$ cat query.txt   # compact mmCIF, C-alpha atoms (C1' of nucleotides)
# COMPACT_ATOMS: atom_id res chain seq x y z
CA MET A 888 -12.46 -13.67 -1.22
CA SER A 889 -16.22 -13.99 -1.17
CA ARG A 890 -18.80 -11.81 0.45
CA ASP A 891 -21.19 -14.44 1.78
CA GLU A 892 -19.24 -16.00 4.62
CA PRO A 893 -15.90 -14.31 5.07
CA HIS A 894 -12.94 -16.52 5.79
CA VAL A 895 -11.50 -16.22 9.27
CA ALA A 896 -8.41 -14.66 7.68
CA VAL A 897 -10.57 -11.78 6.47
CA LEU A 898 -11.73 -11.22 10.03
CA PHE A 899 -8.09 -11.23 11.06
CA HIS A 900 -7.44 -8.53 8.53
CA VAL A 901 -10.32 -6.38 9.70
CA ALA A 902 -9.32 -6.63 13.35
CA HIS A 903 -5.69 -5.94 12.63
CA ARG A 904 -6.50 -2.89 10.55
CA ALA A 905 -8.67 -1.55 13.32
CA VAL A 906 -5.85 -1.78 15.85
CA GLU A 907 -3.28 -0.43 13.46
CA GLN A 908 -5.37 2.62 12.72
CA ARG A 909 -6.02 3.25 16.40
CA VAL A 910 -2.30 3.19 17.09
CA LEU A 911 -1.46 5.34 14.11
CA ALA A 912 -4.12 7.88 15.00
CA ALA A 913 -2.86 8.12 18.57
CA LEU A 914 0.71 8.59 17.39
CA SER A 915 -0.35 11.27 14.96
CA GLU A 916 -2.41 13.04 17.60
CA ALA A 917 0.56 13.03 19.95
CA GLY A 918 2.71 14.63 17.29
CA PHE A 919 4.66 11.55 16.21
CA ARG A 920 4.87 11.71 12.44
CA ALA A 921 5.03 8.26 10.89
CA THR A 922 3.55 6.42 7.96
CA LEU A 923 2.07 2.96 7.95
CA ALA A 924 5.06 1.34 6.29
CA GLN A 925 7.43 3.05 8.69
CA SER A 926 5.61 1.88 11.79
CA ARG A 927 5.29 -1.66 10.51
CA LEU A 928 9.01 -1.76 10.11
CA VAL A 929 9.75 -0.26 13.51
CA ALA A 930 7.57 -2.90 15.09
CA GLN A 931 10.07 -5.54 13.98
CA ILE A 932 13.18 -4.00 15.53
CA ASP A 933 14.73 -5.87 18.45
CA PRO A 934 15.49 -3.90 21.60
CA ASP A 935 19.18 -4.60 21.07
CA GLY A 936 19.26 -3.80 17.38
CA ILE A 937 18.90 -5.77 14.20
CA ARG A 938 20.61 -5.97 10.85
CA LEU A 939 18.89 -4.47 7.86
CA THR A 940 18.67 -7.75 6.01
CA GLU A 941 17.04 -9.56 8.88
CA LEU A 942 14.72 -6.66 9.45
CA ALA A 943 13.68 -6.87 5.81
CA ASP A 944 13.06 -10.59 6.13
CA ARG A 945 10.89 -10.19 9.18
CA ALA A 946 8.87 -7.38 7.70
CA GLN A 947 8.57 -9.35 4.48
CA VAL A 948 9.96 -6.66 2.24
CA THR A 949 13.15 -6.48 0.18
CA LYS A 950 16.28 -5.10 1.76
CA GLN A 951 16.05 -2.12 -0.59
CA THR A 952 12.63 -1.27 0.74
CA ALA A 953 13.80 -1.72 4.30
CA GLY A 954 16.78 0.52 3.63
CA PHE A 955 14.55 3.16 2.11
CA LEU A 956 12.30 3.16 5.16
CA VAL A 957 15.15 3.08 7.66
CA ASP A 958 16.62 6.15 5.96
CA GLN A 959 13.39 7.97 6.68
CA LEU A 960 13.07 6.64 10.21
CA GLU A 961 16.63 7.74 10.88
CA ALA A 962 15.93 11.22 9.53
CA LEU A 963 12.85 11.43 11.76
CA GLY A 964 14.89 10.40 14.79
CA TYR A 965 13.08 7.13 15.50
CA VAL A 966 16.04 4.85 14.88
CA GLU A 967 19.81 5.04 14.58
CA ARG A 968 22.39 2.98 12.75
CA THR A 969 25.44 1.78 14.61
CA PRO A 970 28.30 -0.37 13.33
CA ASP A 971 27.96 -4.07 13.94
CA PRO A 972 31.01 -5.01 16.04
CA THR A 973 31.02 -8.53 14.69
CA ASP A 974 30.87 -7.74 10.97
CA ALA A 975 32.28 -4.69 9.24
CA ARG A 976 29.83 -4.99 6.35
CA ALA A 977 26.82 -4.73 8.57
CA ARG A 978 25.25 -2.08 10.73
CA LEU A 979 22.72 -2.49 13.46
CA VAL A 980 19.46 -0.61 13.33
CA ARG A 981 18.43 0.37 16.84
CA ILE A 982 15.53 2.25 18.36
CA ALA A 983 16.52 5.80 19.31
CA PRO A 984 15.05 7.58 22.37
CA HIS A 985 12.45 9.34 20.25
CA GLY A 986 11.39 5.99 18.84
CA ARG A 987 11.21 4.54 22.32
CA ARG A 988 8.74 7.22 23.31
CA ALA A 989 6.61 6.45 20.27
CA LEU A 990 6.70 2.75 21.05
CA ALA A 991 5.63 3.40 24.61
CA LEU A 992 2.57 5.23 23.36
CA ALA A 993 1.84 2.50 20.86
CA ARG A 994 1.94 -0.12 23.58
CA LYS A 995 -0.36 1.94 25.70
CA VAL A 996 -2.93 2.10 22.93
CA GLU A 997 -2.59 -1.63 22.35
CA GLN A 998 -3.34 -2.21 25.99
CA GLN A 999 -6.42 -0.05 25.74
CA VAL A 1000 -7.58 -2.09 22.78
CA THR A 1001 -6.93 -5.29 24.69
CA ALA A 1002 -9.02 -3.98 27.54
CA GLU A 1003 -11.89 -3.18 25.19
CA TRP A 1004 -11.70 -6.60 23.63
CA ARG A 1005 -11.70 -8.20 27.06
CA ALA A 1006 -14.78 -6.22 27.96
CA HIS A 1007 -16.56 -7.36 24.82
CA LEU A 1008 -15.45 -10.98 24.65
CA GLY A 1009 -14.99 -11.72 28.33
CA PRO A 1010 -11.67 -12.67 29.87
CA ASP A 1011 -12.00 -16.39 29.11
CA ASP A 1012 -12.58 -16.00 25.39
CA LEU A 1013 -9.83 -13.41 25.10
CA ALA A 1014 -7.38 -15.76 26.76
CA GLU A 1015 -8.61 -18.58 24.55
CA LEU A 1016 -8.11 -16.41 21.50
CA GLY A 1017 -4.55 -15.65 22.49
CA ARG A 1018 -3.85 -19.29 23.11
CA ILE A 1019 -5.24 -20.41 19.76
CA MET A 1020 -3.49 -17.64 17.85
CA ALA A 1021 -0.18 -18.59 19.40
CA ARG A 1022 -0.63 -22.10 18.11
CA LEU A 1023 -1.75 -20.88 14.71
CA ARG A 1024 1.37 -18.82 14.53
CA GLU A 1025 3.40 -22.00 14.49
CA ILE A 1026 2.24 -22.69 10.95
CA THR A 1027 1.79 -19.16 9.64
CA ASP A 1028 4.84 -17.26 10.87
CA PRO A 1029 8.09 -18.14 9.14
CA TYR A 1030 10.02 -16.09 11.73
CA ARG A 1031 8.43 -17.46 14.85
CA MET B 864 4.66 -2.75 18.43
CA SER B 865 7.14 -4.50 20.64
CA ARG B 866 9.13 -7.65 20.01
CA ASP B 867 8.83 -9.31 23.40
CA GLU B 868 5.20 -10.40 23.45
CA PRO B 869 3.42 -9.56 20.24
CA HIS B 870 -0.11 -8.28 20.49
CA VAL B 871 -2.78 -10.61 19.24
CA ALA B 872 -3.39 -8.16 16.42
CA VAL B 873 0.13 -8.80 15.18
CA LEU B 874 -0.63 -12.51 15.07
CA PHE B 875 -3.75 -11.65 13.09
CA HIS B 876 -1.60 -9.78 10.66
CA VAL B 877 0.83 -12.64 10.24
CA ALA B 878 -1.89 -15.20 9.67
CA HIS B 879 -3.75 -13.00 7.24
CA ARG B 880 -0.64 -12.30 5.21
CA ALA B 881 0.09 -16.01 5.00
CA VAL B 882 -3.35 -16.76 3.56
CA GLU B 883 -3.25 -13.80 1.25
CA GLN B 884 0.06 -14.86 -0.20
CA ARG B 885 -1.11 -18.42 -0.67
CA VAL B 886 -4.13 -17.22 -2.60
CA LEU B 887 -2.13 -14.78 -4.67
CA ALA B 888 0.49 -17.38 -5.49
CA ALA B 889 -2.18 -19.85 -6.60
CA LEU B 890 -3.85 -17.24 -8.77
CA SER B 891 -0.56 -16.31 -10.33
CA GLU B 892 0.34 -19.93 -10.95
CA ALA B 893 -2.99 -20.51 -12.65
CA GLY B 894 -2.35 -17.57 -14.94
CA PHE B 895 -4.60 -15.03 -13.27
CA ARG B 896 -2.68 -11.79 -13.25
CA ALA B 897 -3.62 -9.61 -10.29
CA THR B 898 -1.89 -7.41 -7.76
CA LEU B 899 -2.48 -7.35 -4.03
CA ALA B 900 -4.49 -4.14 -4.11
CA GLN B 901 -6.61 -5.38 -6.96
CA SER B 902 -7.54 -8.63 -5.24
CA ARG B 903 -8.30 -6.91 -1.97
CA LEU B 904 -10.76 -4.74 -3.79
CA VAL B 905 -12.36 -7.60 -5.69
CA ALA B 906 -12.90 -9.40 -2.41
CA GLN B 907 -15.34 -6.66 -1.39
CA ILE B 908 -17.62 -6.82 -4.43
CA ASP B 909 -21.15 -8.12 -3.86
CA PRO B 910 -22.41 -10.87 -6.15
CA ASP B 911 -25.06 -8.49 -7.44
CA GLY B 912 -22.78 -5.50 -7.91
CA ILE B 913 -21.79 -2.54 -5.80
CA ARG B 914 -21.31 1.15 -6.31
CA LEU B 915 -17.82 2.52 -6.47
CA THR B 916 -18.24 4.73 -3.43
CA GLU B 917 -19.48 1.91 -1.24
CA LEU B 918 -16.75 -0.34 -2.54
CA ALA B 919 -14.22 2.28 -1.57
CA ASP B 920 -15.71 2.55 1.92
CA ARG B 921 -15.61 -1.18 2.47
CA ALA B 922 -12.08 -1.53 1.22
CA GLN B 923 -11.08 1.49 3.30
CA VAL B 924 -9.61 3.47 0.45
CA THR B 925 -10.68 6.70 -1.22
CA LYS B 926 -13.06 6.54 -4.15
CA GLN B 927 -10.25 7.79 -6.37
CA THR B 928 -8.13 4.82 -5.43
CA ALA B 929 -11.06 2.47 -5.91
CA GLY B 930 -11.75 3.99 -9.32
CA PHE B 931 -8.13 3.60 -10.28
CA LEU B 932 -8.13 -0.07 -9.34
CA VAL B 933 -11.49 -0.79 -10.94
CA ASP B 934 -10.16 0.66 -14.18
CA GLN B 935 -7.41 -1.92 -14.10
CA LEU B 936 -9.68 -4.77 -13.07
CA GLU B 937 -12.01 -3.87 -15.91
CA ALA B 938 -9.16 -3.82 -18.40
CA LEU B 939 -8.08 -7.25 -17.14
CA GLY B 940 -11.60 -8.59 -17.53
CA TYR B 941 -12.25 -9.35 -13.88
CA VAL B 942 -15.09 -6.87 -13.43
CA GLU B 943 -17.47 -4.86 -15.53
CA ARG B 944 -19.29 -1.59 -14.97
CA THR B 945 -23.00 -1.42 -15.68
CA PRO B 946 -25.34 1.54 -15.27
CA ASP B 947 -27.19 1.69 -11.99
CA PRO B 948 -30.87 1.58 -12.97
CA THR B 949 -31.88 3.52 -9.90
CA ASP B 950 -29.40 6.40 -10.20
CA ALA B 951 -28.00 7.89 -13.38
CA ARG B 952 -24.95 9.23 -11.59
CA ALA B 953 -23.86 5.84 -10.42
CA ARG B 954 -22.63 2.66 -12.01
CA LEU B 955 -22.51 -0.80 -10.55
CA VAL B 956 -19.25 -2.68 -10.43
CA ARG B 957 -19.91 -6.38 -10.97
CA ILE B 958 -17.79 -9.48 -11.18
CA ALA B 959 -17.30 -10.62 -14.78
CA PRO B 960 -17.04 -14.29 -15.74
CA HIS B 961 -13.26 -14.17 -15.72
CA GLY B 962 -13.36 -12.72 -12.23
CA ARG B 963 -15.77 -15.42 -11.14
CA ARG B 964 -13.28 -18.07 -12.20
CA ALA B 965 -10.55 -16.35 -10.22
CA LEU B 966 -12.78 -16.14 -7.17
CA ALA B 967 -13.59 -19.83 -7.42
CA LEU B 968 -9.91 -20.64 -7.31
CA ALA B 969 -9.37 -18.25 -4.42
CA ARG B 970 -12.11 -19.92 -2.42
CA LYS B 971 -10.63 -23.31 -3.14
CA VAL B 972 -7.27 -22.23 -1.74
CA GLU B 973 -9.00 -20.74 1.29
CA GLN B 974 -10.63 -24.07 1.93
CA GLN B 975 -7.29 -25.81 1.70
CA VAL B 976 -5.90 -23.38 4.25
CA THR B 977 -8.86 -23.99 6.50
CA ALA B 978 -8.24 -27.73 6.28
CA GLU B 979 -4.61 -27.25 7.26
CA TRP B 980 -5.55 -25.08 10.18
CA ARG B 981 -8.10 -27.65 11.30
CA ALA B 982 -5.44 -30.32 11.16
CA HIS B 983 -3.08 -28.23 13.27
CA LEU B 984 -5.52 -26.76 15.79
CA GLY B 985 -8.10 -29.51 15.92
CA PRO B 986 -11.72 -29.04 14.91
CA ASP B 987 -12.83 -27.73 18.28
CA ASP B 988 -10.31 -24.92 18.51
CA LEU B 989 -10.87 -23.95 14.89
CA ALA B 990 -14.60 -23.64 15.51
CA GLU B 991 -13.92 -21.74 18.70
CA LEU B 992 -11.65 -19.39 16.80
CA GLY B 993 -14.34 -18.70 14.22
CA ARG B 994 -16.89 -18.07 16.93
CA ILE B 995 -14.68 -15.66 18.83
CA MET B 996 -13.61 -13.80 15.69
CA ALA B 997 -17.22 -13.34 14.66
CA ARG B 998 -17.89 -11.68 18.00
CA LEU B 999 -14.76 -9.60 17.77
CA ARG B 1000 -15.88 -8.42 14.38
CA GLU B 1001 -18.81 -6.69 16.05
CA ILE B 1002 -16.49 -4.10 17.49
CA THR B 1003 -13.80 -3.98 14.82
CA ASP B 1004 -15.69 -3.98 11.52
CA PRO B 1005 -17.50 -0.76 10.70
CA TYR B 1006 -19.24 -2.47 7.75
CA ARG B 1007 -20.42 -5.56 9.54
C1' DC C 896 -41.35 24.11 -10.57
C1' DC C 897 -36.84 25.62 -9.08
C1' DC C 898 -32.95 26.17 -6.14
C1' DG C 899 -29.32 24.77 -3.17
C1' DG C 900 -27.09 21.12 -0.82
C1' DA C 901 -25.58 16.40 -0.98
C1' DA C 902 -23.91 12.35 -3.40
C1' DA C 903 -21.49 9.61 -7.34
C1' DG C 904 -17.65 9.77 -10.03
C1' DT C 905 -13.68 11.70 -12.64
C1' DC C 906 -9.35 14.43 -13.53
C1' DA C 907 -4.84 16.15 -12.17
C1' DG C 908 -1.00 16.09 -9.43
C1' DA C 909 1.86 14.70 -5.78
C1' DA C 910 3.71 11.60 -2.33
C1' DC C 911 4.67 7.21 -0.93
C1' DC C 912 5.86 2.29 -1.24
C1' DT C 913 7.88 -1.58 -3.36
C1' DC C 914 10.22 -4.11 -6.63
C1' DT C 915 14.18 -5.77 -10.11
C1' DG C 916 18.80 -5.44 -11.54
C1' DA C 917 23.41 -4.01 -11.03
C1' DC C 918 26.94 -3.16 -8.08
C1' DC C 919 30.61 -2.78 -4.06
C1' DA C 920 32.77 -4.28 0.20
C1' DA C 921 33.57 -7.63 3.72
C1' DT C 922 33.29 -12.37 5.09
C1' DA C 923 33.53 -17.34 4.88
C1' DT C 924 34.95 -21.57 2.56
C1' DC C 925 37.87 -24.56 0.40
C1' DG D 412 44.61 -17.10 -2.11
C1' DA D 413 40.52 -17.92 -5.41
C1' DT D 414 35.66 -18.26 -5.11
C1' DA D 415 31.16 -18.02 -3.44
C1' DT D 416 28.25 -15.82 -0.10
C1' DT D 417 26.44 -12.15 2.62
C1' DG D 418 25.30 -7.15 3.99
C1' DG D 419 24.16 -3.26 2.01
C1' DT D 420 23.65 0.63 -1.50
C1' DC D 421 22.49 2.92 -6.05
C1' DA D 422 19.48 3.60 -9.99
C1' DG D 423 15.26 3.19 -12.14
C1' DA D 424 10.70 1.77 -12.80
C1' DG D 425 5.98 0.52 -11.59
C1' DG D 426 2.22 0.41 -8.44
C1' DT D 427 -0.71 2.43 -4.75
C1' DT D 428 -2.79 6.01 -2.37
C1' DC D 429 -3.90 10.51 -1.11
C1' DT D 430 -5.74 15.72 -1.45
C1' DG D 431 -8.12 19.07 -4.03
C1' DA D 432 -10.98 20.64 -7.68
C1' DC D 433 -14.60 19.66 -10.76
C1' DT D 434 -19.04 17.75 -13.32
C1' DT D 435 -23.24 15.49 -13.27
C1' DT D 436 -27.24 13.92 -11.03
C1' DC D 437 -30.41 13.48 -7.25
C1' DC D 438 -33.35 15.09 -3.55
C1' DG D 439 -35.86 18.06 -0.32
C1' DG D 440 -37.91 22.59 0.80
C1' DG D 441 -39.86 26.61 -0.75

$ encode --input "query.txt" --output "structure tokens"
Amino acid sequence: MSRDEPHVAVLFHVAHRAVEQRVLAALSEAGFRATLAQSRLVAQIDPDGIRLTELADRAQVTKQTAGFLVDQLEALGYVERTPDPTDARARLVRIAPHGRRALALARKVEQQVTAEWRAHLGPDDLAELGRIMARLREITDPYR
Amino acid sequence: MSRDEPHVAVLFHVAHRAVEQRVLAALSEAGFRATLAQSRLVAQIDPDGIRLTELADRAQVTKQTAGFLVDQLEALGYVERTPDPTDARARLVRIAPHGRRALALARKVEQQVTAEWRAHLGPDDLAELGRIMARLREITDPYR
DNA sequence: CCCGGAAAGTCAGAACCTCTGACCAATATC
DNA sequence: GATATTGGTCAGAGGTTCTGACTTTCCGGG
């Protein structure tokens, strides 16, 4: 939290924000309307659907918040809710075709960013970074 | 934004959130009342004070938002506003003694986290990570 | 010196995000 | 079958952030 020598986590934050804004800007430019909270939630949805409660856990929000956002995403056509065949209480949140198109664009932008980072850092350091982050994830991601 | 192979930036996000929550929990436990937005703003304040507009730029929020949060931080005793001797329009936002105590605790927690990461990654990879992130910052941080 | 543009903040209003608490329905456990 | 648990919704409140309009002050060119 100091200014002098920022903690590595602060650099994580800066880099993540930069990517996030690139993606969001590209989506907006392409006509995909979505807020930050909405896209963060979408990013956690499995290809084969996920229950609201688990989605909330992964995104680290309450199930009420997740429900609120899924309502909006559903209205915008990015996701759809289908009954869970294994449990009548639950429903599965799945990516709808419109959401799939948005995700495809998002991935494209991410790849562009990766390419830029590779150009700046060099392929070896980028690979090293990925390797180290994967190991760090083991102790920072409760849903690894 | 996919589930299969998360982008490195997503791992950044996860790791940053983990640290942030550790710090916030420690502050809360020690009796320092502060929200996420408030602490993110405080983290951007220079030791010798900063103008609201620049603070807003660094924190990547509008000056209205920054003003709103500084109002709260001032009421809580974490910061104080003093006139800017060089410009009668401006005021400098500075850390108050209470805020300094909170920052000291935050830094202590950050050091604990660093120690844990060193234990998990090994000193070499931790140093490597810091080195690579510093270089990555060159192209991701507009206020480097 | 004075005028107009730029910069530092503030005020007002709206939208958005997130939480706590209470609740219902379906499931699992014993 | 009674009870606890789980999946989800409803209601309400608080917190965060934005856009737009405005005031005051500063600065550079006539």

$ interface_residues --input "query.txt" --of "chain C" --to "chain B" --cutoff "12 Å" --atoms "only C-alpha atoms (C1' of nucleotides)" --output "ChimeraX atom specification"
/C:902-907,913

$ calpha_fit_and_write --input "query.txt" --fixed "chain A" --moving "chain B" --output "short mmCIF file (atom, residue, chain, number, x, y, z; two decimals) with C-alpha atoms, in the coordinates of the input"
data_model
loop_
_atom_site.label_atom_id
_atom_site.label_comp_id
_atom_site.auth_asym_id
_atom_site.auth_seq_id
_atom_site.Cartn_x
_atom_site.Cartn_y
_atom_site.Cartn_z
CA MET B 864 -12.49 -13.74 -1.28
CA SER B 865 -16.23 -14.04 -1.26
CA ARG B 866 -18.82 -11.85 0.41
CA ASP B 867 -21.17 -14.51 1.73
CA GLU B 868 -19.16 -16.04 4.56
CA PRO B 869 -15.83 -14.34 5.01
CA HIS B 870 -12.86 -16.52 5.76
CA VAL B 871 -11.45 -16.21 9.23
CA ALA B 872 -8.37 -14.65 7.68
CA VAL B 873 -10.51 -11.78 6.46
CA LEU B 874 -11.70 -11.22 10.01
CA PHE B 875 -8.06 -11.21 11.06
CA HIS B 876 -7.40 -8.54 8.52
CA VAL B 877 -10.27 -6.39 9.70
CA ALA B 878 -9.29 -6.62 13.34
CA HIS B 879 -5.65 -5.94 12.63
CA ARG B 880 -6.45 -2.89 10.54
CA ALA B 881 -8.64 -1.53 13.32
CA VAL B 882 -5.82 -1.78 15.87
CA GLU B 883 -3.27 -0.43 13.47
CA GLN B 884 -5.35 2.62 12.73
CA ARG B 885 -5.99 3.26 16.40
CA VAL B 886 -2.28 3.19 17.11
CA LEU B 887 -1.44 5.36 14.14
CA ALA B 888 -4.11 7.89 15.02
CA ALA B 889 -2.84 8.11 18.60
CA LEU B 890 0.73 8.58 17.42
CA SER B 891 -0.33 11.26 15.01
CA GLU B 892 -2.38 13.03 17.65
CA ALA B 893 0.57 13.02 20.01
CA GLY B 894 2.73 14.61 17.35
CA PHE B 895 4.67 11.55 16.26
CA ARG B 896 4.86 11.72 12.50
CA ALA B 897 5.03 8.27 10.94
CA THR B 898 3.55 6.45 7.98
CA LEU B 899 2.05 2.98 7.98
CA ALA B 900 5.05 1.38 6.32
CA GLN B 901 7.43 3.07 8.69
CA SER B 902 5.63 1.89 11.81
CA ARG B 903 5.29 -1.64 10.52
CA LEU B 904 9.01 -1.75 10.10
CA VAL B 905 9.76 -0.26 13.50
CA ALA B 906 7.56 -2.90 15.08
CA GLN B 907 10.06 -5.54 13.96
CA ILE B 908 13.18 -4.01 15.52
CA ASP B 909 14.74 -5.89 18.43
CA PRO B 910 15.50 -3.92 21.59
CA ASP B 911 19.19 -4.62 21.06
CA GLY B 912 19.27 -3.81 17.36
CA ILE B 913 18.89 -5.79 14.18
CA ARG B 914 20.59 -5.95 10.84
CA LEU B 915 18.88 -4.46 7.85
CA THR B 916 18.65 -7.74 5.98
CA GLU B 917 17.03 -9.56 8.87
CA LEU B 918 14.70 -6.65 9.43
CA ALA B 919 13.67 -6.86 5.81
CA ASP B 920 13.03 -10.60 6.12
CA ARG B 921 10.88 -10.18 9.19
CA ALA B 922 8.87 -7.36 7.72
CA GLN B 923 8.54 -9.33 4.48
CA VAL B 924 9.94 -6.65 2.23
CA THR B 925 13.12 -6.46 0.18
CA LYS B 926 16.25 -5.07 1.77
CA GLN B 927 16.03 -2.12 -0.60
CA THR B 928 12.62 -1.24 0.73
CA ALA B 929 13.80 -1.71 4.30
CA GLY B 930 16.80 0.52 3.62
CA PHE B 931 14.56 3.15 2.11
CA LEU B 932 12.30 3.18 5.16
CA VAL B 933 15.16 3.10 7.65
CA ASP B 934 16.61 6.16 5.95
CA GLN B 935 13.39 7.98 6.69
CA LEU B 936 13.08 6.66 10.22
CA GLU B 937 16.63 7.76 10.89
CA ALA B 938 15.95 11.23 9.52
CA LEU B 939 12.88 11.44 11.77
CA GLY B 940 14.92 10.39 14.79
CA TYR B 941 13.11 7.15 15.51
CA VAL B 942 16.07 4.86 14.87
CA GLU B 943 19.81 5.06 14.57
CA ARG B 944 22.37 2.98 12.72
CA THR B 945 25.44 1.78 14.57
CA PRO B 946 28.30 -0.35 13.26
CA ASP B 947 27.96 -4.05 13.88
CA PRO B 948 31.01 -4.94 15.97
CA THR B 949 31.05 -8.47 14.64
CA ASP B 950 30.85 -7.68 10.92
CA ALA B 951 32.24 -4.64 9.15
CA ARG B 952 29.80 -5.01 6.28
CA ALA B 953 26.79 -4.73 8.50
CA ARG B 954 25.22 -2.08 10.66
CA LEU B 955 22.71 -2.49 13.42
CA VAL B 956 19.45 -0.61 13.29
CA ARG B 957 18.42 0.36 16.82
CA ILE B 958 15.54 2.24 18.34
CA ALA B 959 16.53 5.79 19.31
CA PRO B 960 15.08 7.55 22.35
CA HIS B 961 12.46 9.31 20.26
CA GLY B 962 11.41 5.97 18.83
CA ARG B 963 11.24 4.50 22.31
CA ARG B 964 8.76 7.18 23.33
CA ALA B 965 6.63 6.42 20.29
CA LEU B 966 6.72 2.71 21.07
CA ALA B 967 5.64 3.37 24.64
CA LEU B 968 2.60 5.21 23.38
CA ALA B 969 1.86 2.47 20.87
CA ARG B 970 1.95 -0.16 23.58
CA LYS B 971 -0.35 1.92 25.73
CA VAL B 972 -2.93 2.09 22.94
CA GLU B 973 -2.57 -1.65 22.37
CA GLN B 974 -3.36 -2.22 26.01
CA GLN B 975 -6.43 -0.05 25.74
CA VAL B 976 -7.57 -2.10 22.77
CA THR B 977 -6.95 -5.28 24.68
CA ALA B 978 -9.08 -3.96 27.54
CA GLU B 979 -11.91 -3.17 25.16
CA TRP B 980 -11.73 -6.59 23.60
CA ARG B 981 -11.75 -8.18 27.04
CA ALA B 982 -14.84 -6.20 27.92
CA HIS B 983 -16.60 -7.33 24.75
CA LEU B 984 -15.49 -10.97 24.61
CA GLY B 985 -15.06 -11.69 28.29
CA PRO B 986 -11.76 -12.66 29.86
CA ASP B 987 -12.10 -16.35 29.10
CA ASP B 988 -12.65 -15.98 25.37
CA LEU B 989 -9.90 -13.38 25.10
CA ALA B 990 -7.44 -15.76 26.76
CA GLU B 991 -8.67 -18.57 24.56
CA LEU B 992 -8.15 -16.40 21.51
CA GLY B 993 -4.58 -15.64 22.53
CA ARG B 994 -3.89 -19.30 23.14
CA ILE B 995 -5.28 -20.40 19.80
CA MET B 996 -3.50 -17.64 17.89
CA ALA B 997 -0.20 -18.59 19.47
CA ARG B 998 -0.67 -22.12 18.17
CA LEU B 999 -1.75 -20.90 14.78
CA ARG B 1000 1.37 -18.81 14.61
CA GLU B 1001 3.40 -22.02 14.57
CA ILE B 1002 2.26 -22.72 11.05
CA THR B 1003 1.81 -19.19 9.72
CA ASP B 1004 4.87 -17.29 10.95
CA PRO B 1005 8.12 -18.17 9.23
CA TYR B 1006 10.06 -16.11 11.81
CA ARG B 1007 8.47 -17.50 14.92
#

$ interface_residues --input "query.txt" --of "chain B" --to "chain A" --cutoff "8 Å" --atoms "all atoms listed in the file" --output "JSON list (two decimals) with C-alpha atoms, keeping the file's coordinate frame"
[["chain", "number", "residue", "atom", "x", "y", "z"],
["B", 864, "MET", "CA", 4.66, -2.75, 18.43],
["B", 865, "SER", "CA", 7.14, -4.50, 20.64],
["B", 866, "ARG", "CA", 9.13, -7.65, 20.01],
["B", 870, "HIS", "CA", -0.11, -8.28, 20.49],
["B", 871, "VAL", "CA", -2.78, -10.61, 19.24],
["B", 872, "ALA", "CA", -3.39, -8.16, 16.42],
["B", 873, "VAL", "CA", 0.13, -8.80, 15.18],
["B", 874, "LEU", "CA", -0.63, -12.51, 15.07],
["B", 875, "PHE", "CA", -3.75, -11.65, 13.09],
["B", 876, "HIS", "CA", -1.60, -9.78, 10.66],
["B", 877, "VAL", "CA", 0.83, -12.64, 10.24],
["B", 878, "ALA", "CA", -1.89, -15.20, 9.67],
["B", 879, "HIS", "CA", -3.75, -13.00, 7.24],
["B", 881, "ALA", "CA", 0.09, -16.01, 5.00],
["B", 882, "VAL", "CA", -3.35, -16.76, 3.56],
["B", 903, "ARG", "CA", -8.30, -6.91, -1.97],
["B", 905, "VAL", "CA", -12.36, -7.60, -5.69],
["B", 906, "ALA", "CA", -12.90, -9.40, -2.41],
["B", 907, "GLN", "CA", -15.34, -6.66, -1.39],
["B", 908, "ILE", "CA", -17.62, -6.82, -4.43],
["B", 909, "ASP", "CA", -21.15, -8.12, -3.86],
["B", 910, "PRO", "CA", -22.41, -10.87, -6.15],
["B", 966, "LEU", "CA", -12.78, -16.14, -7.17],
["B", 969, "ALA", "CA", -9.37, -18.25, -4.42],
["B", 970, "ARG", "CA", -12.11, -19.92, -2.42],
["B", 973, "GLU", "CA", -9.00, -20.74, 1.29],
["B", 980, "TRP", "CA", -5.55, -25.08, 10.18],
["B", 983, "HIS", "CA", -3.08, -28.23, 13.27],
["B", 984, "LEU", "CA", -5.52, -26.76, 15.79],
["B", 988, "ASP", "CA", -10.31, -24.92, 18.51],
["B", 992, "LEU", "CA", -11.65, -19.39, 16.80],
["B", 993, "GLY", "CA", -14.34, -18.70, 14.22],
["B", 995, "ILE", "CA", -14.68, -15.66, 18.83],
["B", 996, "MET", "CA", -13.61, -13.80, 15.69],
["B", 997, "ALA", "CA", -17.22, -13.34, 14.66],
["B", 998, "ARG", "CA", -17.89, -11.68, 18.00],
["B", 999, "LEU", "CA", -14.76, -9.60, 17.77],
["B", 1000, "ARG", "CA", -15.88, -8.42, 14.38],
["B", 1003, "THR", "CA", -13.80, -3.98, 14.82],
["B", 1004, "ASP", "CA", -15.69, -3.98, 11.52]]

$ interface_residues --input "query.txt" --of "chain D" --to "chain B" --cutoff "9 Å" --atoms "all atoms listed in the file" --output "PyMOL selection string"
chain D and resi 426-429+435-437

$ write_last_selection --input "query.txt" --atoms "C-alpha atoms (C1' of nucleotides)" --output "PDB file, keeping the file's coordinate frame"
ATOM      1  C1'  DG D 426       2.220   0.410  -8.440  1.00  0.00           C
ATOM      2  C1'  DT D 427      -0.710   2.430  -4.750  1.00  0.00           C
ATOM      3  C1'  DT D 428      -2.790   6.010  -2.370  1.00  0.00           C
ATOM      4  C1'  DC D 429      -3.900  10.510  -1.110  1.00  0.00           C
ATOM      5  C1'  DT D 435     -23.240  15.490 -13.270  1.00  0.00           C
ATOM      6  C1'  DT D 436     -27.240  13.920 -11.030  1.00  0.00           C
ATOM      7  C1'  DC D 437     -30.410  13.480  -7.250  1.00  0.00           C
TER       8       DC D 437
END
